[in-house]
>>> print(open('entry-v9.txt').read())   # compact mmCIF, C-alpha atoms
# COMPACT_ATOMS: atom_id res chain seq x y z
CA MET A 1 16.60 4.00 63.78
CA LYS A 2 14.80 6.73 61.85
CA LYS A 3 17.60 6.78 59.28
CA LEU A 4 17.30 3.03 58.82
CA PHE A 5 13.51 3.36 58.47
CA TRP A 6 13.74 6.02 55.78
CA LEU A 7 16.51 4.09 54.04
CA ILE A 8 14.25 1.02 53.81
CA ILE A 9 11.33 3.15 52.59
CA GLY A 10 13.58 4.71 49.95
CA ILE A 11 14.74 1.33 48.73
CA ILE A 12 11.14 0.05 48.49
CA ILE A 13 9.95 3.14 46.60
CA GLY A 14 12.97 3.06 44.30
CA THR A 15 12.47 -0.61 43.55
CA GLY A 16 8.79 -0.04 42.82
CA ILE A 17 9.54 2.74 40.34
CA TYR A 18 12.18 0.67 38.55
CA SER A 19 10.15 -2.52 38.28
CA GLY A 20 6.94 -0.71 37.30
CA SER A 21 8.26 1.37 34.38
CA PRO A 22 9.02 -1.46 31.94
CA ALA A 23 5.53 -2.88 32.42
CA VAL A 24 4.01 0.43 31.32
CA ALA A 25 6.37 1.00 28.40
CA SER A 26 6.53 -2.53 27.02
CA SER A 27 3.91 -4.18 24.79
CA SER A 28 1.95 -7.29 25.72
CA TYR A 29 2.13 -8.29 22.05
CA LYS A 30 4.97 -10.54 20.94
CA LEU A 31 6.20 -10.85 17.37
CA VAL A 32 6.24 -14.61 16.75
CA SER A 33 7.27 -14.72 13.11
CA ILE A 34 7.59 -12.56 10.00
CA LYS A 35 7.84 -13.38 6.31
CA TYR A 36 8.98 -10.68 3.90
CA ASP A 37 7.44 -10.20 0.48
CA SER A 38 10.81 -9.18 -0.98
CA GLN A 39 14.51 -9.39 -0.19
CA LYS A 40 14.50 -5.89 1.27
CA THR A 41 14.32 -5.23 4.99
CA LEU A 42 11.59 -3.03 6.44
CA LYS A 43 14.12 -0.22 7.01
CA GLU A 44 14.51 0.19 3.26
CA THR A 45 12.03 1.78 0.91
CA PRO A 46 10.47 -1.01 -1.14
CA THR A 47 10.79 -0.55 -4.90
CA HIS A 48 8.81 -3.59 -6.04
CA ASN A 49 5.14 -3.47 -6.93
CA GLY A 50 3.87 -6.17 -4.62
CA PRO A 51 0.50 -7.10 -3.07
CA LEU A 52 -1.70 -4.02 -2.78
CA TYR A 53 -4.53 -3.40 -0.34
CA TYR A 54 -7.02 -0.74 0.70
CA ALA A 55 -9.19 -0.23 3.78
CA ARG A 56 -12.11 -2.66 3.87
CA ASN A 57 -14.18 -0.05 5.70
CA PRO A 58 -12.56 3.40 5.31
CA LYS A 59 -14.84 4.94 7.95
CA HIS A 60 -13.91 2.34 10.57
CA SER A 61 -11.12 3.06 13.05
CA ALA A 62 -8.26 0.67 12.32
CA ALA A 63 -4.90 1.21 13.99
CA ILE A 64 -1.55 0.95 12.24
CA TRP A 65 1.02 -0.03 14.88
CA ASN A 66 4.74 0.36 15.40
CA SER A 67 7.17 -2.56 15.28
CA ASN A 68 6.34 -4.03 18.72
CA HIS A 69 2.63 -3.21 18.71
CA SER A 70 2.97 -0.74 21.59
CA LYS A 71 2.09 2.54 19.87
CA VAL A 72 -0.45 3.56 17.24
CA ARG A 73 1.32 5.33 14.41
CA HIS A 74 -1.58 5.92 12.02
CA ASN A 75 -5.20 5.01 11.42
CA LEU A 76 -6.73 3.67 8.21
CA LYS A 77 -9.77 5.93 8.54
CA ASN A 78 -7.47 8.92 7.94
CA TYR A 79 -6.43 7.47 4.57
CA PRO A 80 -9.71 6.70 2.74
CA ASN A 81 -8.18 7.09 -0.74
CA THR A 82 -4.86 5.40 -0.03
CA THR A 83 -3.56 2.17 -1.50
CA TRP A 84 -1.22 0.16 0.74
CA LEU A 85 1.77 -1.91 -0.33
CA ARG A 86 2.34 -5.04 1.74
CA ASN A 87 5.99 -5.63 2.67
CA ALA A 88 5.64 -8.56 5.06
CA VAL A 89 3.24 -10.92 6.82
CA ALA A 90 3.72 -11.09 10.60
CA ILE A 91 2.27 -13.16 13.42
CA PHE A 92 1.73 -11.39 16.76
CA GLU A 93 0.81 -13.24 19.94
CA HIS A 94 -1.29 -11.62 22.67
CA HIS A 95 -2.33 -13.55 25.81
CA GLY A 96 -1.82 -16.83 23.98
CA LYS A 97 -3.84 -15.80 20.92
CA LYS A 98 -2.07 -15.39 17.57
CA SER A 99 -3.14 -12.90 14.91
CA VAL A 100 -1.97 -12.16 11.39
CA TYR A 101 -0.75 -8.65 10.65
CA TYR A 102 0.53 -7.04 7.47
CA HIS A 103 3.41 -4.62 7.45
CA VAL A 104 2.33 -1.96 4.97
CA ASN A 105 3.27 1.45 3.68
CA GLN A 106 1.19 3.89 1.71
CA VAL A 107 1.70 3.96 -2.05
CA VAL A 108 2.78 7.45 -3.10
CA ALA A 109 3.17 9.07 -6.49
CA GLY A 110 6.57 9.89 -7.92
CA ASN A 111 9.30 10.67 -5.41
CA LYS A 112 7.02 11.83 -2.62
CA PRO A 113 8.08 10.61 0.84
CA VAL A 114 6.27 7.71 2.47
CA LYS A 115 4.76 9.02 5.70
CA ALA A 116 2.44 6.22 6.75
CA ILE A 117 3.96 2.82 7.52
CA GLY A 118 3.45 0.12 10.14
CA TYR A 119 1.60 -3.07 11.11
CA VAL A 120 -2.14 -3.47 10.64
CA TRP A 121 -4.42 -6.45 11.32
CA HIS A 122 -5.02 -8.19 8.00
CA GLY A 123 -8.80 -8.27 8.44
CA TYR A 124 -8.98 -4.50 8.08
CA LEU A 125 -7.68 -4.69 4.51
CA ARG A 126 -8.99 -5.88 1.16
CA GLN A 127 -6.67 -6.83 -1.69
CA GLY A 128 -6.52 -4.62 -4.75
CA HIS A 129 -6.01 -1.00 -5.64
CA ASN A 130 -8.13 1.58 -3.84
CA PRO A 131 -11.26 1.89 -6.02
CA ASN A 132 -11.86 5.58 -5.27
CA PHE A 133 -10.35 6.56 -8.61
CA GLN A 134 -12.44 9.74 -8.77
CA ASN A 135 -10.24 11.05 -5.94
CA ILE A 136 -6.94 9.70 -7.28
CA SER A 137 -4.90 11.46 -9.94
CA THR A 138 -1.61 9.64 -10.36
CA ILE A 139 -1.08 5.87 -10.27
CA ASP A 140 1.88 3.73 -11.26
CA ILE A 141 0.59 1.58 -14.10
CA LEU A 142 2.27 -1.46 -12.52
CA ASN A 143 -0.10 -1.16 -9.57
CA PHE A 144 -3.17 -2.20 -11.56
CA TYR A 145 -4.18 -5.84 -11.12
CA ASN A 146 -6.35 -6.17 -14.20
CA ASN A 147 -8.16 -4.43 -17.04
CA HIS A 148 -11.22 -3.76 -14.88
CA GLU A 149 -9.25 -1.63 -12.42
CA TYR A 150 -7.45 0.18 -15.22
CA GLN A 151 -10.67 0.88 -17.12
CA ARG A 152 -12.34 2.32 -13.99
CA TYR A 153 -9.29 4.53 -13.45
CA VAL A 154 -9.50 5.88 -17.02
CA LYS A 155 -13.24 6.41 -16.61
CA LEU A 156 -13.17 8.17 -13.24
CA SER A 157 -9.76 9.73 -12.54
CA PRO A 158 -9.48 13.53 -12.96
CA SER A 159 -6.09 12.99 -14.63
CA GLN A 160 -7.63 11.00 -17.49
CA VAL A 161 -9.76 13.73 -19.06
CA LEU A 162 -7.67 13.80 -22.25
CA THR A 163 -7.79 10.02 -22.57
CA ARG A 164 -11.57 10.06 -22.26
CA LYS A 165 -11.82 12.72 -24.98
CA VAL A 166 -9.69 10.60 -27.30
CA MET A 167 -11.82 7.54 -26.60
CA VAL A 168 -14.95 9.42 -27.70
CA LEU A 169 -13.40 9.60 -31.16
CA PHE A 170 -13.14 5.79 -31.23
CA PRO A 171 -16.48 4.53 -29.90
CA ASN A 172 -15.80 0.88 -30.76
CA SER A 173 -12.43 0.76 -29.02
CA THR A 174 -11.60 -0.60 -25.56
CA VAL A 175 -8.93 0.26 -23.02
CA SER A 176 -6.18 -2.32 -22.65
CA LEU A 177 -3.89 -2.40 -19.62
CA ASP A 178 -1.50 -4.75 -21.39
CA LEU A 179 -1.18 -2.46 -24.39
CA ALA A 180 -0.75 0.59 -22.18
CA LYS A 181 2.19 -1.15 -20.52
CA ALA A 182 3.55 -1.96 -23.94
CA GLY A 183 3.35 1.69 -24.90
CA LEU A 184 5.57 2.52 -21.97
CA GLY A 185 8.02 -0.21 -22.89
CA LEU A 186 7.19 -2.28 -19.83
CA ASN A 187 6.59 -5.51 -21.73
CA SER A 188 8.64 -4.97 -24.88
CA ALA A 189 9.53 -8.68 -24.89
CA THR A 190 5.92 -9.37 -25.89
CA TYR A 191 5.06 -6.26 -27.88
CA HIS A 192 7.72 -4.76 -30.14
CA ILE A 193 6.12 -1.35 -30.04
CA ASN A 194 9.22 0.60 -30.98
CA ASP A 195 9.28 -1.18 -34.35
CA GLU A 196 5.63 -0.49 -35.10
CA LEU A 197 4.99 3.14 -34.13
CA PRO A 198 6.71 6.22 -35.56
CA PRO A 199 9.70 7.19 -33.40
CA PHE A 200 8.78 10.89 -33.38
CA LEU A 201 5.71 10.30 -31.20
CA ALA A 202 6.04 11.42 -27.59
CA SER A 203 5.52 8.79 -24.91
CA ASN A 204 2.10 10.12 -23.90
CA GLU A 205 0.94 10.15 -27.55
CA ARG A 206 2.15 6.59 -28.00
CA THR A 207 0.27 5.55 -24.89
CA LEU A 208 -2.94 7.23 -26.06
CA ILE A 209 -2.75 5.30 -29.31
CA LEU A 210 -2.11 1.98 -27.64
CA ILE A 211 -4.69 2.10 -24.87
CA ASN A 212 -7.42 2.62 -27.43
CA CYS A 213 -6.62 -0.36 -29.61
CA GLN A 214 -9.53 -2.73 -29.88
CA LYS A 215 -7.57 -5.92 -30.51
CA THR A 216 -4.29 -7.25 -29.20
CA PRO A 217 -1.72 -7.06 -32.02
CA SER A 218 -0.03 -10.25 -33.16
CA PHE A 219 3.45 -9.10 -34.08
>>> encode(input="entry-v9.txt", output="structure tokens")
Amino acid sequence: MKKLFWLIIGIIIGTGIYSGSPAVASSSYKLVSIKYDSQKTLKETPTHNGPLYYARNPKHSAAIWNSNHSKVRHNLKNYPNTTWLRNAVAIFEHHGKKSVYYHVNQVVAGNKPVKAIGYVWHGYLRQGHNPNFQNISTIDILNFYNNHEYQRYVKLSPSQVLTRKVMVLFPNSTVSLDLAKAGLGLNSATYHINDELPPFLASNERTLILINCQKTPSF
């Protein structure tokens, strides 16, 4: 009788442990839908320059979650000078309420590894490049949305000291994002720069000339 009693107790305890574990480990959030911004999957490193965002309030705690919203991977407040690339728009459901999340990864310079990636509630982000240019040295020129962002970068970034010195020599000139791209051959279909500037100029010299042109050339 005692053996039967302890056998029953063992079964009850064992069943309780088994049925309780998934409830602790699983997430109460359900991924309802997801729409990718490119043809790549989230397991691949995105190479496109898509929608960019930065923390709306960099001092506010804002979690970046894993794929099933069960574990915090990062926090926006730890990345006050980071720009985020959106890879997908996802809908998560929690207790019948649906919320929009962005799958993002930090924008890094050159070939540096991407360390921060995950899902964040869209309300924590604001579209555009991170405006803290005084703390940012290197930026892919394709990540600027407009002239205003590019001009602030040239004005504030510690990497643009030489450019600012050149601009002093041309007080009536203005910085042009479009021409800077042309100098790097990124919109050669519009600007035939290679036919207009001496071929012996280095790429950085060509860029310095072009970003300080006052008017858009009509080739």
>>> atom_distance(input="entry-v9.txt", atom1="CA of Asp37 in chain A", atom2="CA of Pro51 in chain A")
8.4 Å
>>> closest_residue(input="entry-v9.txt", among="A:Val166, A:Leu177, A:Leu156, A:Leu186", to="Phe144 in chain A", atoms="all atoms listed in the file")
A:Leu177
>>> atom_distance(input="entry-v9.txt", atom1="CA of Tyr79 in chain A", atom2="CA of Pro158 in chain A")
18.8 Å
>>> closest_atom_pairs(input="entry-v9.txt", of="range 62-85 of chain A", to="range 107-120 of chain A", cutoff="8 Å", atoms="all atoms listed in the file", output="tab-separated table")
residue	atom	partner	partner_atom	distance
A:Ala62	CA	A:Val120	CA	7.6
A:Ala63	CA	A:Val120	CA	6.4
A:Ile64	CA	A:Val120	CA	4.7
A:Trp65	CA	A:Tyr119	CA	4.9
A:Asn66	CA	A:Gly118	CA	5.4
A:Ser67	CA	A:Gly118	CA	6.9
A:His69	CA	A:Tyr119	CA	7.7
A:Arg73	CA	A:Gly118	CA	7.1
A:His74	CA	A:Ala116	CA	6.6
A:Thr82	CA	A:Val107	CA	7.0
A:Thr83	CA	A:Val107	CA	5.6
A:Trp84	CA	A:Val107	CA	5.5
A:Leu85	CA	A:Val107	CA	6.1
>>> atom_distance(input="entry-v9.txt", atom1="CA of Trp121 in chain A", atom2="CA of Glu149 in chain A")
24.7 Å
>>> closest_residue(input="entry-v9.txt", among="A:Ser159, A:Gln106, A:Asn130, A:Asn78", to="Arg56 in chain A", atoms="all atoms listed in the file")
A:Asn130
>>> closest_residue(input="entry-v9.txt", among="A:Ser99, A:Asn75, A:Asn105, A:Ser70", to="Val32 in chain A", atoms="all atoms listed in the file")
A:Ser99
>>> residues_around(input="entry-v9.txt", residues="Asn132 in chain A", least_positions_apart="2", cutoff="9 Å", atoms="all atoms listed in the file", output="list in words")
Pro80, Asn81, Thr82, His129, Asn130, Gln134, Asn135, Ile136, Tyr153, Leu156 and Ser157 of chain A
>>> build_atoms(input="entry-v9.txt", residues="range 173-184 of chain A", atoms="all heavy atoms", output="short mmCIF file (atom, residue, chain, number, x, y, z; two decimals), in the frame of the given file")
data_model
loop_
_atom_site.label_atom_id
_atom_site.label_comp_id
_atom_site.auth_asym_id
_atom_site.auth_seq_id
_atom_site.Cartn_x
_atom_site.Cartn_y
_atom_site.Cartn_z
N SER A 173 -13.70 1.20 -29.59
CA SER A 173 -12.43 0.76 -29.02
C SER A 173 -12.56 0.46 -27.53
O SER A 173 -13.52 0.89 -26.88
CB SER A 173 -11.36 1.82 -29.24
OG SER A 173 -11.71 3.01 -28.56
N THR A 174 -11.63 -0.29 -26.99
CA THR A 174 -11.60 -0.60 -25.56
C THR A 174 -10.22 -0.30 -24.99
O THR A 174 -9.22 -0.33 -25.70
CB THR A 174 -11.91 -2.09 -25.32
OG1 THR A 174 -10.98 -2.89 -26.04
CG2 THR A 174 -13.32 -2.42 -25.76
N VAL A 175 -10.19 -0.04 -23.71
CA VAL A 175 -8.93 0.26 -23.02
C VAL A 175 -8.23 -1.05 -22.67
O VAL A 175 -8.85 -1.97 -22.14
CB VAL A 175 -9.19 1.07 -21.75
CG1 VAL A 175 -7.90 1.28 -20.98
CG2 VAL A 175 -9.80 2.41 -22.10
N SER A 176 -6.95 -1.11 -22.94
CA SER A 176 -6.18 -2.32 -22.65
C SER A 176 -5.00 -2.00 -21.74
O SER A 176 -4.13 -1.20 -22.10
CB SER A 176 -5.66 -2.94 -23.96
OG SER A 176 -4.72 -3.96 -23.68
N LEU A 177 -4.99 -2.59 -20.56
CA LEU A 177 -3.89 -2.40 -19.62
C LEU A 177 -2.59 -2.96 -20.21
O LEU A 177 -1.53 -2.34 -20.10
CB LEU A 177 -4.21 -3.10 -18.30
CG LEU A 177 -3.09 -3.12 -17.25
CD1 LEU A 177 -2.68 -1.71 -16.85
CD2 LEU A 177 -3.54 -3.91 -16.02
N ASP A 178 -2.70 -4.11 -20.83
CA ASP A 178 -1.50 -4.75 -21.39
C ASP A 178 -0.87 -3.89 -22.47
O ASP A 178 0.36 -3.73 -22.55
CB ASP A 178 -1.87 -6.12 -21.94
CG ASP A 178 -0.67 -7.06 -21.98
OD1 ASP A 178 0.29 -6.82 -21.24
OD2 ASP A 178 -0.71 -8.03 -22.76
N LEU A 179 -1.70 -3.30 -23.33
CA LEU A 179 -1.18 -2.46 -24.39
C LEU A 179 -0.63 -1.14 -23.86
O LEU A 179 0.32 -0.59 -24.39
CB LEU A 179 -2.26 -2.20 -25.44
CG LEU A 179 -2.64 -3.39 -26.32
CD1 LEU A 179 -3.82 -3.06 -27.20
CD2 LEU A 179 -1.44 -3.81 -27.16
N ALA A 180 -1.26 -0.64 -22.79
CA ALA A 180 -0.75 0.59 -22.18
C ALA A 180 0.64 0.37 -21.61
O ALA A 180 1.52 1.22 -21.72
CB ALA A 180 -1.70 1.05 -21.07
N LYS A 181 0.85 -0.81 -21.01
CA LYS A 181 2.19 -1.15 -20.52
C LYS A 181 3.17 -1.25 -21.67
O LYS A 181 4.33 -0.83 -21.57
CB LYS A 181 2.15 -2.46 -19.74
CG LYS A 181 1.43 -2.40 -18.41
CD LYS A 181 1.43 -3.76 -17.73
CE LYS A 181 0.73 -3.72 -16.39
NZ LYS A 181 0.73 -5.05 -15.73
N ALA A 182 2.69 -1.81 -22.77
CA ALA A 182 3.55 -1.96 -23.94
C ALA A 182 3.97 -0.60 -24.46
O ALA A 182 5.11 -0.40 -24.89
CB ALA A 182 2.83 -2.76 -25.02
N GLY A 183 3.05 0.34 -24.44
CA GLY A 183 3.35 1.69 -24.90
C GLY A 183 4.41 2.38 -24.09
O GLY A 183 5.11 3.27 -24.58
N LEU A 184 4.55 1.96 -22.85
CA LEU A 184 5.57 2.52 -21.97
C LEU A 184 6.83 1.68 -21.96
O LEU A 184 7.75 1.92 -21.19
CB LEU A 184 5.02 2.64 -20.54
CG LEU A 184 3.83 3.59 -20.38
CD1 LEU A 184 3.26 3.49 -18.97
CD2 LEU A 184 4.23 5.02 -20.70
#
